[in-house]
file start-v6.cif (mmCIF, C-alpha atoms)
data_coords
#
loop_
_atom_site.label_atom_id
_atom_site.label_comp_id
_atom_site.auth_asym_id
_atom_site.auth_seq_id
_atom_site.Cartn_x
_atom_site.Cartn_y
_atom_site.Cartn_z
CA MET A 24 0.00 0.00 0.00
CA THR A 25 1.37 3.41 -0.96
CA LYS A 26 1.89 6.09 1.67
CA PHE A 27 1.29 9.76 0.85
CA ASP A 28 4.04 12.34 0.64
CA ALA A 29 3.97 15.01 3.33
CA GLY A 30 1.46 17.72 2.62
CA HIS A 31 -0.78 15.78 0.23
CA GLN A 32 -3.74 17.93 -0.86
CA ILE A 33 -7.32 16.79 -0.16
CA VAL A 34 -10.83 18.25 -0.44
CA ILE A 35 -13.06 16.89 2.31
CA ASP A 36 -16.73 16.65 1.35
CA THR A 37 -19.21 18.23 3.74
CA ASN A 38 -20.82 14.88 4.55
CA VAL A 39 -17.50 13.68 6.00
CA LEU A 40 -16.95 16.86 8.04
CA VAL A 41 -20.48 16.84 9.44
CA ALA A 42 -20.30 13.13 10.33
CA GLY A 43 -16.94 13.72 12.04
CA LEU A 44 -18.33 16.61 14.07
CA ARG A 45 -21.55 14.83 15.08
CA SER A 46 -20.12 11.49 16.18
CA ARG A 47 -17.04 10.35 18.06
CA ARG A 48 -16.92 7.09 16.14
CA GLY A 49 -15.96 6.11 12.65
CA SER A 50 -13.50 7.10 9.99
CA SER A 51 -14.88 10.62 9.53
CA TYR A 52 -14.32 11.41 13.23
CA GLN A 53 -10.81 10.03 13.00
CA LEU A 54 -10.13 12.16 9.91
CA VAL A 55 -11.45 15.30 11.64
CA GLN A 56 -9.17 14.53 14.59
CA LEU A 57 -6.21 14.45 12.19
CA LEU A 58 -6.89 17.94 10.79
CA GLY A 59 -3.65 19.84 11.24
CA ASP A 60 -1.55 16.71 10.62
CA LYS A 61 1.44 17.54 8.40
CA ARG A 62 0.83 14.51 6.14
CA PHE A 63 -2.07 16.15 4.32
CA ARG A 64 -3.51 19.59 3.67
CA PRO A 65 -7.27 20.05 3.56
CA ASN A 66 -8.63 22.56 1.04
CA VAL A 67 -11.88 24.27 1.97
CA SER A 68 -13.99 26.79 0.08
CA VAL A 69 -16.26 29.42 1.58
CA SER A 70 -19.28 27.54 0.20
CA ASN A 71 -18.01 24.39 1.93
CA LEU A 72 -17.89 26.17 5.30
CA VAL A 73 -21.37 27.62 4.78
CA GLU A 74 -22.66 24.15 3.92
CA VAL A 75 -21.13 22.68 7.09
CA ARG A 76 -22.85 25.38 9.15
CA PHE A 77 -26.21 24.65 7.54
CA ARG A 78 -25.82 20.88 7.80
CA LEU A 79 -25.12 21.14 11.52
CA ARG A 80 -28.43 22.98 11.78
CA PRO A 81 -31.82 21.50 10.86
CA THR A 82 -31.85 22.78 7.25
CA PRO A 83 -29.31 21.04 5.00
CA ALA A 84 -27.76 22.83 2.03
CA ARG A 85 -25.61 21.48 -0.78
CA LEU A 86 -23.83 24.61 -1.93
CA GLY A 87 -20.22 23.51 -2.14
CA ARG A 88 -20.40 20.15 -3.85
CA ARG A 89 -20.40 21.64 -7.37
CA ALA A 90 -17.14 23.44 -6.60
CA TYR A 91 -15.24 20.38 -5.34
CA PRO A 92 -13.98 18.97 -8.66
CA GLY A 93 -12.74 22.38 -9.80
CA MET A 94 -11.08 23.07 -6.46
CA ALA A 95 -9.54 19.58 -6.40
CA ALA A 96 -8.17 19.97 -9.93
CA GLN A 97 -6.77 23.42 -9.20
CA CYS A 98 -4.81 22.31 -6.14
CA GLU A 99 -4.11 18.78 -7.43
CA ALA A 100 -6.07 17.26 -4.59
CA MET A 101 -8.17 14.17 -4.08
CA ILE A 102 -11.75 14.30 -2.83
CA VAL A 103 -12.63 12.45 0.39
CA THR A 104 -16.36 11.69 0.49
CA PHE A 105 -18.99 9.10 1.37
CA ASN A 106 -20.79 9.88 -1.92
CA ILE A 107 -18.41 8.40 -4.49
CA ASP A 108 -21.14 8.32 -7.16
CA ASP A 109 -21.61 12.10 -6.91
CA PHE A 110 -18.15 12.50 -8.42
CA SER A 111 -18.25 9.89 -11.17
CA GLY A 112 -16.03 10.98 -14.02
CA ALA A 113 -13.66 12.96 -11.76
CA GLU A 114 -10.87 10.42 -12.27
CA ALA A 115 -10.92 11.22 -16.00
CA PHE A 116 -9.54 14.62 -14.94
CA GLY A 117 -6.90 13.12 -12.66
CA ILE A 118 -8.95 13.57 -9.48
CA ARG A 119 -8.97 10.62 -7.11
CA VAL A 120 -12.16 10.13 -5.10
CA LEU A 121 -11.94 8.09 -1.88
CA ARG A 122 -14.09 7.24 1.12
CA PRO A 123 -12.64 8.38 4.48
CA VAL A 124 -11.75 4.82 5.53
CA LYS A 125 -9.69 4.31 2.35
CA PHE A 126 -7.90 7.63 2.82
CA LEU A 127 -7.04 6.72 6.44
CA ARG A 128 -5.72 3.34 5.31
CA LEU A 129 -3.48 5.07 2.79
CA LEU A 130 -2.23 7.36 5.56
CA GLY A 131 -1.58 4.31 7.74
CA GLU A 132 -4.01 5.68 10.36
CA MET A 133 -6.75 3.05 10.33
CA GLN A 134 -7.10 1.90 13.94
CA TRP A 135 -9.68 -0.79 13.25
CA SER A 136 -10.30 -3.33 10.51
#
call {"tool": "encode", "arguments": {"input": "start-v6.cif", "output": "structure tokens"}}
result
Amino acid sequence: MTKFDAGHQIVIDTNVLVAGLRSRRGSSYQLVQLLGDKRFRPNVSVSNLVEVRFRLRPTPARLGRRAYPGMAAQCEAMIVTFNIDDFSGAEAFGIRVLRPVKFLRLLGEMQWS
């Protein structure tokens, strides 16, 4: 299994951030706990932050998702999401799309099987 170089760029989908903030279990929580780790650099847009705010409240919004592929391509990042199908075709543009558990395995951070 390949390990990432220090400072690998990622775009974290809102569904992963919200899940990591709402629960203390699972791969999304573990990923949120690793924010600030030198092995990867999260890229966040303003619309992504607004969406997180709305999703933590009763009314969900999906503002930032359309911007993810462009942002990922611009900073040569991969997208970490639970909704792999939402980004079908991204790999044709050199954008890798992974679930949080797969990303953590690549980092060598998976603490459970």
call {"tool": "resolve_selection", "arguments": {"input": "start-v6.cif", "expression": "the PyMOL selection byres ((chain A and resi 45-60) around 10)", "output": "MDAnalysis selection string"}}
result
chainID A and resid 29:30 35 38:44 61:65 79 103:105 122:128 132:135
call {"tool": "resolve_selection", "arguments": {"input": "start-v6.cif", "expression": "the PyMOL selection byres ((chain A and resi 92) around 12)", "output": "PyMOL selection string"}}
result
chain A and resi 33-36+66+68+87-91+93-104+109-120
call {"tool": "atom_distance", "arguments": {"input": "start-v6.cif", "atom1": "CA of Gln32 in chain A", "atom2": "CA of Val67 in chain A"}}
result
10.7 Å
